[in-house]
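Listing of structure_0.txt, compact mmCIF, C-alpha atoms
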```
# COMPACT_ATOMS: atom_id res chain seq x y z
CA MET A 706 3.35 18.78 32.59
CA SER A 707 2.04 18.47 29.02
CA ARG A 708 1.09 15.16 27.46
CA PRO A 709 3.46 13.51 24.98
CA VAL A 710 2.14 14.04 21.45
CA LEU A 711 2.56 11.48 18.66
CA TYR A 712 1.87 12.52 15.06
CA ILE A 713 0.97 9.44 12.97
CA ALA A 714 1.12 10.13 9.22
CA ILE A 715 -0.64 7.51 7.09
CA THR A 716 -0.26 7.07 3.36
CA ASN A 717 -3.16 8.13 1.17
CA HIS A 718 -3.82 4.68 -0.36
CA GLY A 719 -6.57 2.20 0.45
CA PHE A 720 -7.29 0.96 3.96
CA GLY A 721 -4.38 -1.41 4.63
CA HIS A 722 -1.85 1.20 5.77
CA ALA A 723 -4.49 2.83 7.98
CA VAL A 724 -5.32 -0.54 9.54
CA ARG A 725 -1.77 -1.43 10.48
CA ALA A 726 -0.95 2.09 11.69
CA ALA A 727 -4.16 2.19 13.74
CA SER A 728 -3.38 -1.19 15.30
CA VAL A 729 -0.04 0.22 16.48
CA ALA A 730 -1.77 3.40 17.69
CA ALA A 731 -4.20 1.30 19.72
CA ALA A 732 -1.34 -0.61 21.34
CA ILE A 733 0.43 2.67 22.17
CA GLN A 734 -2.76 3.97 23.75
CA GLN A 735 -3.16 0.81 25.80
CA MET A 736 0.45 0.97 27.03
CA ASN A 737 0.27 4.67 27.91
CA PRO A 738 -3.13 6.42 27.72
CA GLU A 739 -1.45 9.77 28.41
CA ILE A 740 0.06 9.87 24.92
CA LEU A 741 -2.02 12.10 22.66
CA LEU A 742 -2.52 10.51 19.24
CA VAL A 743 -2.84 12.77 16.18
CA LEU A 744 -3.67 10.69 13.10
CA VAL A 745 -2.85 12.55 9.91
CA THR A 746 -4.80 10.71 7.23
CA THR A 747 -7.64 10.78 4.74
CA ALA A 748 -8.89 7.38 5.96
CA PRO A 749 -12.46 7.49 7.33
CA ARG A 750 -12.77 7.99 11.05
CA TRP A 751 -15.01 4.92 11.47
CA LEU A 752 -12.14 2.73 10.21
CA LEU A 753 -9.70 4.24 12.71
CA GLU A 754 -12.24 3.91 15.51
CA SER A 755 -12.70 0.24 14.70
CA TYR A 756 -9.08 -0.28 15.83
CA ILE A 757 -8.52 2.52 18.37
CA PRO A 758 -10.98 2.35 21.30
CA GLY A 759 -9.91 5.57 23.03
CA ASP A 760 -9.74 9.22 22.01
CA PHE A 761 -7.59 10.55 19.21
CA ILE A 762 -7.41 13.57 16.91
CA VAL A 763 -7.76 13.29 13.12
CA ARG A 764 -5.96 15.81 10.93
CA PRO A 765 -7.26 15.19 7.38
CA ARG A 766 -4.21 15.63 5.18
CA ALA A 767 -2.75 13.71 2.21
CA PHE A 768 1.02 13.80 1.76
CA ASP A 769 1.26 11.17 -0.96
CA VAL A 770 -0.79 9.41 -3.60
CA GLY A 771 -0.02 5.72 -3.39
CA VAL A 772 -1.64 4.37 -6.52
CA VAL A 773 -4.88 5.82 -7.86
CA GLN A 774 -7.25 2.90 -8.38
CA SER A 775 -10.88 2.32 -9.35
CA ASP A 776 -10.88 -0.91 -7.32
CA SER A 777 -8.35 -3.09 -5.52
CA LEU A 778 -6.77 -4.44 -8.73
CA THR A 779 -7.26 -1.70 -11.36
CA MET A 780 -4.55 0.99 -11.41
CA ASP A 781 -4.61 4.42 -13.08
CA LYS A 782 -0.95 5.26 -13.67
CA GLU A 783 -1.61 8.47 -15.59
CA THR A 784 -3.62 10.05 -12.77
CA THR A 785 -1.17 8.70 -10.20
CA LEU A 786 1.72 10.48 -11.94
CA LYS A 787 -0.25 13.72 -12.29
CA GLU A 788 -1.14 13.78 -8.58
CA LEU A 789 2.41 12.84 -7.58
CA LYS A 790 3.79 15.82 -9.48
CA GLN A 791 1.28 18.11 -7.80
CA ILE A 792 2.40 16.99 -4.34
CA ARG A 793 6.09 17.34 -5.23
CA ASP A 794 5.46 20.83 -6.58
CA ARG A 795 3.64 21.78 -3.35
CA GLN A 796 6.10 20.16 -0.96
CA ARG A 797 7.53 23.40 0.45
CA SER A 798 4.07 24.69 1.31
CA ILE A 799 3.03 21.30 2.76
CA ILE A 800 6.15 21.09 4.91
CA ALA A 801 5.80 24.68 6.18
CA THR A 802 2.16 24.15 7.14
CA GLU A 803 2.88 20.92 9.01
CA VAL A 804 5.91 22.34 10.81
CA SER A 805 3.69 25.14 12.13
CA PHE A 806 1.12 22.59 13.31
CA ILE A 807 3.83 20.43 14.94
CA HIS A 808 5.35 23.36 16.82
CA LEU A 809 1.97 24.74 17.89
CA ASN A 810 0.88 21.35 19.26
CA LYS A 811 4.27 20.41 20.74
CA VAL A 812 4.55 17.16 18.81
CA ASN A 813 7.40 14.96 20.07
CA LEU A 814 7.66 12.28 17.38
CA ILE A 815 6.35 11.39 13.92
CA LEU A 816 5.47 7.77 13.14
CA ALA A 817 4.69 7.31 9.44
CA ASP A 818 3.28 4.53 7.26
CA ILE A 819 4.67 5.53 4.82
CA PRO A 820 4.24 8.97 3.16
CA PRO A 821 7.70 10.08 2.01
CA LEU A 822 7.19 13.75 2.98
CA ALA A 823 6.84 12.77 6.65
CA ALA A 824 10.64 12.59 6.97
CA PRO A 825 11.37 16.08 5.53
CA ILE A 826 8.52 17.45 7.66
CA ALA A 827 10.10 16.00 10.80
CA LYS A 828 13.56 17.23 9.85
CA ALA A 829 12.26 20.76 9.27
CA ALA A 830 10.40 20.63 12.58
CA GLY A 831 13.45 19.38 14.48
CA ILE A 832 11.89 16.13 15.71
CA PRO A 833 12.56 12.47 14.83
CA CYS A 834 10.64 10.59 12.15
CA TRP A 835 10.17 6.84 12.48
CA MET A 836 8.51 4.85 9.73
CA MET A 837 6.94 1.41 9.41
CA SER A 838 6.33 -0.57 6.22
CA ASN A 839 7.32 -3.56 4.13
CA PHE A 840 7.91 -1.41 1.02
CA GLY A 841 8.45 2.16 -0.08
CA TRP A 842 6.58 3.90 -2.87
CA ASP A 843 9.85 4.26 -4.80
CA PHE A 844 9.84 0.45 -5.07
CA ILE A 845 6.36 0.51 -6.60
CA TYR A 846 6.96 3.34 -9.06
CA ARG A 847 10.46 2.60 -10.37
CA PRO A 848 9.51 -0.46 -12.50
CA TRP A 849 6.92 1.67 -14.32
CA GLY A 850 9.73 3.63 -15.97
CA GLY A 851 9.49 6.99 -17.69
CA GLU A 852 8.75 9.92 -15.40
CA PHE A 853 8.07 7.54 -12.52
CA ILE A 854 11.84 7.01 -12.19
CA GLU A 855 12.28 10.70 -11.33
CA MET A 856 9.45 10.39 -8.78
CA ALA A 857 11.11 7.31 -7.27
CA ASP A 858 14.42 9.16 -6.92
CA TRP A 859 12.66 12.05 -5.15
CA ILE A 860 10.88 9.63 -2.80
CA GLY A 861 14.12 7.80 -2.01
CA GLU A 862 15.75 11.10 -1.07
CA CYS A 863 12.86 11.79 1.32
CA PHE A 864 13.18 8.33 2.87
CA SER A 865 16.92 8.87 3.41
CA GLN A 866 15.98 11.53 5.98
CA CYS A 867 14.03 9.04 8.13
CA ASP A 868 15.63 8.36 11.53
CA ARG A 869 14.41 4.79 11.98
CA LEU A 870 12.47 2.26 9.90
CA PHE A 871 10.55 -0.63 11.40
CA ARG A 872 10.68 -3.04 8.47
CA LEU A 873 7.72 -5.41 8.36
CA PRO A 874 7.75 -8.98 7.01
CA PHE A 875 7.45 -9.69 3.26
CA HIS A 876 9.61 -6.67 2.55
CA GLU A 877 11.80 -5.31 -0.21
CA ALA A 878 15.30 -4.14 0.69
CA MET A 879 14.17 -0.56 1.47
CA SER A 880 17.80 0.48 0.99
CA ALA A 881 17.02 4.22 1.01
CA PHE A 882 16.58 4.01 4.78
CA PRO A 883 19.76 4.45 6.83
CA ASN A 884 18.54 2.76 10.05
CA ILE A 885 16.41 -0.40 9.80
CA THR A 886 14.88 -2.55 12.56
CA ASP A 887 13.15 -5.74 11.43
CA VAL A 888 9.95 -6.60 13.33
CA GLY A 889 7.17 -9.19 13.16
CA LEU A 890 3.66 -9.05 11.76
CA THR A 891 1.39 -6.14 12.62
CA GLY A 892 -2.40 -5.93 12.70
CA GLY A 893 -5.44 -6.21 14.88
CA SER A 894 -6.62 -9.23 16.84
CA PRO A 895 -10.16 -10.67 17.02
CA ARG A 896 -11.99 -9.15 19.99
CA TYR A 897 -15.34 -10.96 20.16
CA ASN A 898 -16.48 -14.33 21.43
CA GLU A 899 -16.64 -16.77 18.53
CA ASP A 900 -19.91 -18.34 19.65
CA GLU A 901 -21.51 -14.88 19.83
CA ILE A 902 -20.38 -14.06 16.30
CA ARG A 903 -21.68 -17.40 15.04
CA GLY A 904 -25.04 -16.84 16.66
CA ILE A 905 -25.55 -13.24 15.63
CA TRP A 906 -24.60 -13.83 12.01
CA GLY A 907 -26.19 -17.26 11.66
CA LEU A 908 -22.95 -19.06 10.84
CA THR A 909 -24.08 -22.70 10.90
CA ALA A 910 -21.72 -24.25 8.33
CA PRO A 911 -18.63 -26.13 9.51
CA GLN A 912 -15.51 -23.96 9.70
CA GLU A 913 -13.95 -25.42 6.56
CA LYS A 914 -16.99 -24.25 4.57
CA ILE A 915 -17.06 -20.66 5.86
CA VAL A 916 -15.23 -18.23 3.56
CA LEU A 917 -14.40 -14.56 4.13
CA LEU A 918 -14.27 -12.47 0.94
CA THR A 919 -12.27 -9.30 1.59
CA PHE A 920 -10.61 -7.04 -0.96
CA GLY A 921 -9.60 -3.99 1.07
CA GLY A 922 -11.15 -0.57 1.29
CA LEU A 923 -11.46 -0.13 -2.48
CA GLY A 924 -13.32 -3.40 -2.96
CA LEU A 925 -13.32 -5.26 -6.23
CA ALA A 926 -15.52 -4.69 -9.25
CA GLN A 927 -17.46 -7.56 -10.77
CA ILE A 928 -16.90 -10.27 -8.17
CA PRO A 929 -18.62 -13.33 -9.72
CA TYR A 930 -21.02 -13.84 -6.82
CA SER A 931 -23.14 -16.15 -8.99
CA ASN A 932 -20.56 -18.88 -8.29
CA LEU A 933 -21.72 -18.94 -4.67
CA GLN A 934 -24.96 -20.60 -5.73
CA LYS A 935 -22.94 -23.69 -6.66
CA PHE A 936 -21.86 -24.03 -3.01
CA SER A 937 -25.22 -24.00 -1.25
CA ASP A 938 -23.89 -25.81 1.83
CA TRP A 939 -21.10 -23.24 2.25
CA GLN A 940 -21.39 -19.77 3.81
CA PHE A 941 -19.60 -16.67 2.50
CA ILE A 942 -19.02 -13.39 4.35
CA THR A 943 -18.55 -10.08 2.55
CA PHE A 944 -18.28 -6.41 3.53
CA ASP A 945 -19.49 -5.43 0.05
CA GLN A 946 -22.87 -3.75 0.52
CA GLN A 947 -23.49 -3.93 -3.25
CA ALA A 948 -23.35 -7.73 -3.23
CA PRO A 949 -26.50 -9.61 -4.26
CA ASP A 950 -28.82 -11.21 -1.74
CA PHE A 951 -28.06 -14.92 -1.64
CA PRO A 952 -29.09 -17.27 1.19
CA ASN A 953 -25.47 -18.33 1.76
CA LEU A 954 -23.95 -14.82 1.51
CA ILE A 955 -23.74 -12.74 4.69
CA LYS A 956 -23.33 -9.01 4.07
CA VAL A 957 -21.64 -7.14 6.92
CA SER A 958 -21.47 -3.38 7.41
CA GLY A 959 -18.06 -2.37 8.67
CA GLN A 960 -19.20 0.94 10.12
CA PRO A 961 -22.04 0.55 12.64
CA SER A 962 -22.58 3.18 15.30
CA LYS A 963 -21.85 2.71 18.97
CA THR A 964 -25.53 2.55 19.79
CA SER A 965 -27.30 0.77 17.00
CA SER A 966 -25.90 -2.58 16.11
CA PHE A 967 -24.96 -5.59 18.18
CA PRO A 968 -26.25 -5.22 21.75
CA HIS A 969 -25.40 -8.77 22.75
CA LEU A 970 -21.68 -8.69 22.03
CA SER A 971 -19.35 -8.70 25.02
CA LEU A 972 -17.97 -5.18 24.88
CA SER A 973 -16.70 -2.77 27.45
CA PRO A 974 -18.51 0.60 27.39
CA SER A 975 -15.56 2.27 25.65
CA GLN A 976 -15.40 -0.12 22.71
CA SER A 977 -16.86 0.60 19.32
CA LEU A 978 -19.25 -1.92 17.87
CA SER A 979 -17.57 -1.97 14.49
CA ILE A 980 -17.05 -5.44 13.11
CA ARG A 981 -13.86 -5.91 11.13
CA PRO A 982 -12.72 -8.67 8.77
CA VAL A 983 -10.23 -9.87 11.41
CA ASP A 984 -13.11 -10.49 13.84
CA PHE A 985 -14.52 -13.14 11.49
CA MET A 986 -11.23 -14.80 10.63
CA PRO A 987 -11.14 -17.36 13.51
CA LEU A 988 -14.45 -18.79 12.27
CA CYS A 989 -13.35 -19.21 8.64
CA GLY A 990 -11.76 -22.05 6.75
CA ARG A 991 -10.14 -19.60 4.37
CA VAL A 992 -9.90 -15.95 3.41
CA ILE A 993 -10.17 -14.99 -0.27
CA SER A 994 -8.34 -11.74 -1.03
CA LYS A 995 -5.98 -9.88 -3.34
CA PRO A 996 -2.32 -9.38 -2.37
CA GLY A 997 -2.41 -6.99 0.56
CA TYR A 998 -0.10 -6.86 3.56
CA SER A 999 -2.70 -6.06 6.22
CA THR A 1000 -5.13 -8.80 5.24
CA PHE A 1001 -2.33 -11.35 4.91
CA ALA A 1002 -0.74 -10.30 8.20
CA GLU A 1003 -3.99 -10.47 10.18
CA ALA A 1004 -4.84 -13.86 8.62
CA LEU A 1005 -1.38 -15.17 9.54
CA ARG A 1006 -1.67 -13.82 13.07
CA VAL A 1007 -4.99 -15.65 13.45
CA GLY A 1008 -3.85 -18.77 11.57
CA VAL A 1009 -6.51 -18.86 8.84
CA PRO A 1010 -5.57 -20.12 5.34
CA ILE A 1011 -5.32 -17.55 2.54
CA VAL A 1012 -6.54 -17.76 -1.05
CA SER A 1013 -5.14 -14.89 -3.14
CA VAL A 1014 -5.73 -13.65 -6.65
CA THR A 1015 -2.52 -12.56 -8.34
CA ARG A 1016 -1.95 -8.88 -9.17
CA GLU A 1017 0.13 -7.70 -12.10
CA GLU A 1018 2.43 -4.66 -12.29
CA PHE A 1019 2.47 -4.00 -8.54
CA ALA A 1020 5.96 -4.75 -7.26
CA GLU A 1021 4.83 -5.62 -3.73
CA SER A 1022 2.59 -8.47 -4.92
CA PRO A 1023 5.29 -11.11 -5.60
CA LEU A 1024 6.80 -10.45 -2.16
CA LEU A 1025 3.42 -10.98 -0.50
CA LEU A 1026 2.59 -14.08 -2.51
CA GLU A 1027 6.01 -15.58 -1.75
CA GLY A 1028 5.37 -14.76 1.90
CA ILE A 1029 2.09 -16.65 2.16
CA ALA A 1030 3.51 -19.55 0.13
CA ASP A 1031 6.29 -19.79 2.71
CA ARG A 1032 4.26 -19.18 5.86
CA ALA A 1033 0.57 -20.09 5.41
CA TYR A 1034 -1.76 -22.77 4.15
CA HIS A 1035 -2.68 -21.15 0.87
CA GLN A 1036 -3.89 -21.16 -2.70
CA ILE A 1037 -2.68 -18.70 -5.34
CA ILE A 1038 -5.12 -18.33 -8.22
CA SER A 1039 -5.11 -16.40 -11.47
CA PRO A 1040 -7.57 -13.60 -12.25
CA ALA A 1041 -9.05 -15.91 -14.91
CA ASP A 1042 -9.70 -18.62 -12.29
CA PHE A 1043 -11.35 -16.06 -10.04
CA PHE A 1044 -13.33 -13.93 -12.50
CA GLU A 1045 -14.11 -16.43 -15.25
CA GLY A 1046 -13.89 -19.85 -13.62
CA SER A 1047 -16.47 -21.67 -11.53
CA TRP A 1048 -14.38 -21.60 -8.36
CA GLU A 1049 -13.34 -25.25 -8.44
CA PHE A 1050 -10.38 -24.14 -6.31
CA LEU A 1051 -12.68 -24.26 -3.28
CA GLN A 1052 -12.91 -28.03 -3.73
CA GLN A 1053 -9.15 -28.46 -4.01
CA PRO A 1054 -6.80 -28.99 -1.06
CA LEU A 1055 -4.88 -26.06 0.35
CA GLN A 1056 -1.12 -25.97 -0.17
CA PRO A 1057 0.93 -26.26 3.03
CA PRO A 1058 3.51 -23.59 3.90
CA ARG A 1059 6.93 -24.22 2.36
CA LEU A 1060 8.78 -23.27 5.55
CA ASN A 1061 8.40 -24.90 8.95
CA ALA A 1062 9.66 -21.95 11.00
CA SER A 1063 6.99 -19.69 12.44
CA ILE A 1064 6.99 -15.99 11.67
CA PRO A 1065 7.07 -13.48 14.57
CA LYS A 1066 3.63 -11.98 15.19
CA ASP A 1067 4.57 -9.24 17.65
CA GLY A 1068 5.31 -6.35 15.30
CA THR A 1069 2.43 -4.23 16.60
CA GLU A 1070 3.62 -4.59 20.18
CA VAL A 1071 7.32 -4.09 19.40
CA ILE A 1072 6.75 -0.86 17.46
CA ALA A 1073 4.30 0.45 20.07
CA GLY A 1074 6.72 -0.36 22.89
CA ALA A 1075 9.57 1.50 21.19
CA VAL A 1076 7.36 4.56 20.66
CA VAL A 1077 6.14 4.54 24.26
CA ASP A 1078 9.70 4.18 25.60
CA TYR A 1079 10.86 7.12 23.50
CA LEU A 1080 7.95 9.40 24.44
CA GLN A 1081 8.28 8.59 28.14
CA ASN A 1082 11.94 9.59 28.08
CA CYS A 1083 12.08 12.49 25.63
```
Let me see the file written as structure tokens.
Amino acid sequence: MSRPVLYIAITNHGFGHAVRAASVAAAIQQMNPEILLVLVTTAPRWLLESYIPGDFIVRPRAFDVGVVQSDSLTMDKETTLKELKQIRDRQRSIIATEVSFIHLNKVNLILADIPPLAAPIAKAAGIPCWMMSNFGWDFIYRPWGGEFIEMADWIGECFSQCDRLFRLPFHEAMSAFPNITDVGLTGGSPRYNEDEIRGIWGLTAPQEKIVLLTFGGLGLAQIPYSNLQKFSDWQFITFDQQAPDFPNLIKVSGQPSKTSSFPHLSLSPSQSLSIRPVDFMPLCGRVISKPGYSTFAEALRVGVPIVSVTREEFAESPLLLEGIADRAYHQIISPADFFEGSWEFLQQPLQPPRLNASIPKDGTEVIAGAVVDYLQNC
């Protein structure tokens, strides 16, 4: 009897979509190791391996654009539109190629986050397409007007062919989808002993004075690291290898090999030694970031306060910022406060969440369970 095959299509934008899709893939693998995972993505393999401990196949393909950016806040709309048109013009060829791959490899189900073409691919292949997200790319593009409206209409038509959407928290209406299931927060969980992490990285400051700086896979140009020198009794953690060498700034590589890095961490032989932002979160008094679902979701799952810079002209950002204002201890700061100020916000009290009700944190497990149930019975 052949193994069930799951085709996971991940949007070609940053690291956040890859992180949340990989966290679901890891849960699927844990629930049923017989399911063969095929990750269809341009995300680097080391990032996927940092979430998925077992074997999987990577098919390097890009079915969408997301937003072309030079860093986590700077968007290039002109190039985004040009690349979007190229994908739309090539859609028949893309679909035909993927249908051949799906039939050859006996794929049973597509799970997508959230390239629009995944749904037409599945329909042409005669298998279901399930998606997971808190927004669709039509929602991002439509406010930009002009030719982006035509692109948004095309994307909405693709989404209308999706069989089931798992709608994540902090979402837009996603009304193009005919069948919506609301779920809780997705993301990875810390997997190392906190005392080990403290010892290995020399984290000696009290928790309230340990800060994680994380701005997604694209990073952020011109972070004013010089401000850190004003907080000599604090410790800051960054994954930015271009950051300066300051005594209170710890630079972490997110992509160590399985043999070279942290021999004293409590790992099973099958686990990668990659260290992820979420692994540091339990030790931190706050996370400083830009609006991004995966960072916010993992911080909320862990319970660490969030400091976010605002982001203009990206329709998802207000939803995310409203979400952390409702659900997390937080600070929301302007780009001027972050880039040009002296970071006095670190000395100010965090704002409490506006809502008392807790937010469900089981989205990863709920989506994975539904996929496993389907593949075991198809």
Exercise. Hey, which of A:Ala1033, A:Ala723, A:Glu877, A:Glu1070 ends up closest to Trp751 of chain A? Count only C-alpha atoms.
Worked result: A:Ala723
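The smallest atom-to-atom distance between Leu870 of chain A and any of A:Leu933, A:Cys1083, A:Val710, A:Ile1072, using only C-alpha atoms, is found for A:Ile1072.
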Seminar exercise, completed: Pairwise distance, atom CA of Thr784 of chain A with atom CA of Gly771 of chain A, equals 10.9 Å
For this session: For Ile993 of chain A, please output as number ranges by chain all residues within 7 Å (counting all atoms listed in the file; exclusion window: fewer than 5 positions along the same chain).
Result: A: 917-919, 1011-1013
Problem set entry | Residue contacts of segment 803-816 of chain A (10 Å, all atoms listed in the file) excluding same-chain residues fewer than 4 positions away, as an MDAnalysis selection string | chainID A and resid 707:715 726 729:730 741:744 766 798:799 823:837 867 869:871 1072 1076 1079:1080 1083
Exercise. Any idea what's packed within 10 Å of Tyr930 of chain A, counting all atoms listed in the file, ignoring anything in its chain fewer than 4 positions away? Could you give it as a PyMOL selection string?
Worked result: chain A and resi 934+941+948-951+954+1044
